[in-house]
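Structure record follows, encoded as structure tokens.
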Amino acid sequence: MSKIQARRAARANPDGYTTVSEAARATGVAARTIQRWAMQGRIASHRSGKLWRVKLHDVQQVAATLKPGRK
């Protein structure tokens with residue numbers, strides 16, 4: 001994600017939370033993987049009904065620790 005995209009995402013979500021699908025698009029990580037990380041407590045998240053919202057910054061940090069090609 002470029003710096004410009006990160007700024008736009010932060011303005012759109014001042015609390016830092018975004019949907020799983022938006023985080024998946026921004027990071028290249030599968031949405032199901034992000035949901036799994038949320039359920040495991042690896043990233044900050046909250047759930048309202050079926051909708052998961054996650055901290056994009058946390059997703060980016062966890063994704064950065066993955067081996068290359070493992071997204």
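Within each chain, counting starts at residue 1; across the structure tokens, chains are named A, B, ... in the order shown, with ligands numbered 1 upward in that order.
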
Excluding same-chain residues fewer than 3 positions from Gly41 (chain A), what lies within 12 Å of it counting only C-alpha atoms, as a short mmCIF file (atom, residue, chain, number, x, y, z; two decimals) with N, CA and C atoms, in the first residue's frame?
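Ended up saving to out_6.cif:
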data_model
loop_
_atom_site.label_atom_id
_atom_site.label_comp_id
_atom_site.auth_asym_id
_atom_site.auth_seq_id
_atom_site.Cartn_x
_atom_site.Cartn_y
_atom_site.Cartn_z
N ILE A 34 -7.13 -13.10 7.40
CA ILE A 34 -7.29 -11.95 8.31
C ILE A 34 -8.34 -12.27 9.37
N GLN A 35 -9.44 -12.91 8.98
CA GLN A 35 -10.45 -13.31 9.97
C GLN A 35 -9.86 -14.28 10.97
N ARG A 36 -9.05 -15.21 10.52
CA ARG A 36 -8.42 -16.18 11.41
C ARG A 36 -7.51 -15.46 12.41
N TRP A 37 -6.71 -14.49 11.93
CA TRP A 37 -5.84 -13.72 12.82
C TRP A 37 -6.67 -12.99 13.88
N ALA A 38 -7.82 -12.45 13.46
CA ALA A 38 -8.69 -11.75 14.40
C ALA A 38 -9.21 -12.71 15.47
N ALA A 44 -5.94 -6.47 16.34
CA ALA A 44 -7.06 -5.81 17.00
C ALA A 44 -8.28 -5.89 16.09
N SER A 45 -9.41 -6.27 16.65
CA SER A 45 -10.62 -6.40 15.84
C SER A 45 -11.86 -6.31 16.72
N HIS A 46 -12.99 -6.12 16.06
CA HIS A 46 -14.27 -6.30 16.72
C HIS A 46 -15.26 -6.78 15.68
N VAL A 54 -11.19 -4.66 11.41
CA VAL A 54 -9.84 -4.89 11.91
C VAL A 54 -9.01 -3.63 11.78
N LYS A 55 -7.94 -3.56 12.57
CA LYS A 55 -7.00 -2.44 12.46
C LYS A 55 -6.06 -2.72 11.29
N ASP A 58 -2.38 -3.16 12.14
CA ASP A 58 -2.04 -4.46 12.71
C ASP A 58 -1.93 -5.54 11.63
N VAL A 59 -2.84 -5.50 10.66
CA VAL A 59 -2.79 -6.47 9.57
C VAL A 59 -1.49 -6.30 8.79
N VAL A 62 1.47 -7.80 10.88
CA VAL A 62 1.50 -9.26 10.88
C VAL A 62 1.88 -9.78 9.50
#

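Straight-line separation from CA of His57 (chain A) to CA of Thr33 (chain A): 15.4 Å.
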
Next item on the list: Quote the spacing between CA of Ala63 (chain A) and CA of Lys50 (chain A) in Å to one decimal place.
Entry: 23.1 Å

Notebook entry, point to check: Neighbours of Ser21 (chain A) within 12 Å (only C-alpha atoms; same-chain residues fewer than 2 positions away dropped), as JSON, numbers by chain?
Noted result: {"A": [17, 18, 19, 23, 24, 25, 26, 27, 28, 29, 30, 31, 32, 33, 34, 35, 51, 52, 53, 54, 56, 59]}

Just-selected residues, N, CA and C atoms written as a CSV table (one decimal), in the first residue's frame:
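Writing the result to again.csv gives the following:
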chain,number,residue,atom,x,y,z
A,17,TYR,N,-10.0,1.3,12.2
A,17,TYR,CA,-10.6,0.1,11.8
A,17,TYR,C,-11.2,0.1,10.4
A,18,THR,N,-11.1,-1.0,9.7
A,18,THR,CA,-11.6,-1.2,8.4
A,18,THR,C,-12.2,-2.6,8.2
A,19,THR,N,-12.9,-2.8,7.1
A,19,THR,CA,-13.5,-4.1,6.9
A,19,THR,C,-12.4,-5.1,6.5
A,23,ALA,N,-9.1,-4.5,4.1
A,23,ALA,CA,-7.7,-4.8,4.5
A,23,ALA,C,-7.1,-5.9,3.6
A,24,ALA,N,-7.8,-6.8,3.2
A,24,ALA,CA,-7.3,-7.9,2.3
A,24,ALA,C,-6.8,-7.2,0.9
A,25,ARG,N,-7.6,-6.3,0.4
A,25,ARG,CA,-7.3,-5.7,-0.8
A,25,ARG,C,-6.0,-4.8,-0.6
A,26,ALA,N,-5.9,-4.1,0.5
A,26,ALA,CA,-4.8,-3.2,0.7
A,26,ALA,C,-3.5,-4.0,1.0
A,27,THR,N,-3.6,-5.2,1.5
A,27,THR,CA,-2.3,-5.9,1.9
A,27,THR,C,-2.0,-7.1,1.1
A,28,GLY,N,-3.0,-7.6,0.3
A,28,GLY,CA,-2.7,-8.8,-0.5
A,28,GLY,C,-2.8,-10.1,0.3
A,29,VAL,N,-3.4,-10.0,1.5
A,29,VAL,CA,-3.6,-11.2,2.3
A,29,VAL,C,-5.0,-11.6,2.2
A,30,ALA,N,-5.3,-12.9,2.1
A,30,ALA,CA,-6.6,-13.4,2.0
A,30,ALA,C,-7.5,-13.0,3.1
A,31,ALA,N,-8.7,-12.7,2.8
A,31,ALA,CA,-9.7,-12.2,3.8
A,31,ALA,C,-9.9,-13.3,4.9
A,32,ARG,N,-9.9,-14.6,4.5
A,32,ARG,CA,-10.1,-15.6,5.5
A,32,ARG,C,-8.9,-15.7,6.5
A,33,THR,N,-7.7,-15.4,6.0
A,33,THR,CA,-6.6,-15.4,6.8
A,33,THR,C,-6.7,-14.2,7.8
A,34,ILE,N,-7.1,-13.1,7.4
A,34,ILE,CA,-7.3,-12.0,8.3
A,34,ILE,C,-8.3,-12.3,9.4
A,35,GLN,N,-9.4,-12.9,9.0
A,35,GLN,CA,-10.5,-13.3,10.0
A,35,GLN,C,-9.9,-14.3,11.0
A,51,LEU,N,-20.1,-8.9,10.4
A,51,LEU,CA,-19.0,-8.0,9.9
A,51,LEU,C,-17.9,-7.9,10.8
A,52,TRP,N,-16.7,-8.3,10.4
A,52,TRP,CA,-15.5,-8.1,11.1
A,52,TRP,C,-14.8,-6.8,10.7
A,53,ARG,N,-14.4,-6.0,11.7
A,53,ARG,CA,-13.6,-4.8,11.4
A,53,ARG,C,-12.2,-5.0,12.1
A,54,VAL,N,-11.2,-4.7,11.4
A,54,VAL,CA,-9.8,-4.9,11.9
A,54,VAL,C,-9.0,-3.6,11.8
A,56,LEU,N,-6.1,-1.9,10.3
A,56,LEU,CA,-5.3,-2.1,9.1
A,56,LEU,C,-3.8,-2.1,9.4
A,59,VAL,N,-2.8,-5.5,10.7
A,59,VAL,CA,-2.8,-6.5,9.6
A,59,VAL,C,-1.5,-6.3,8.8
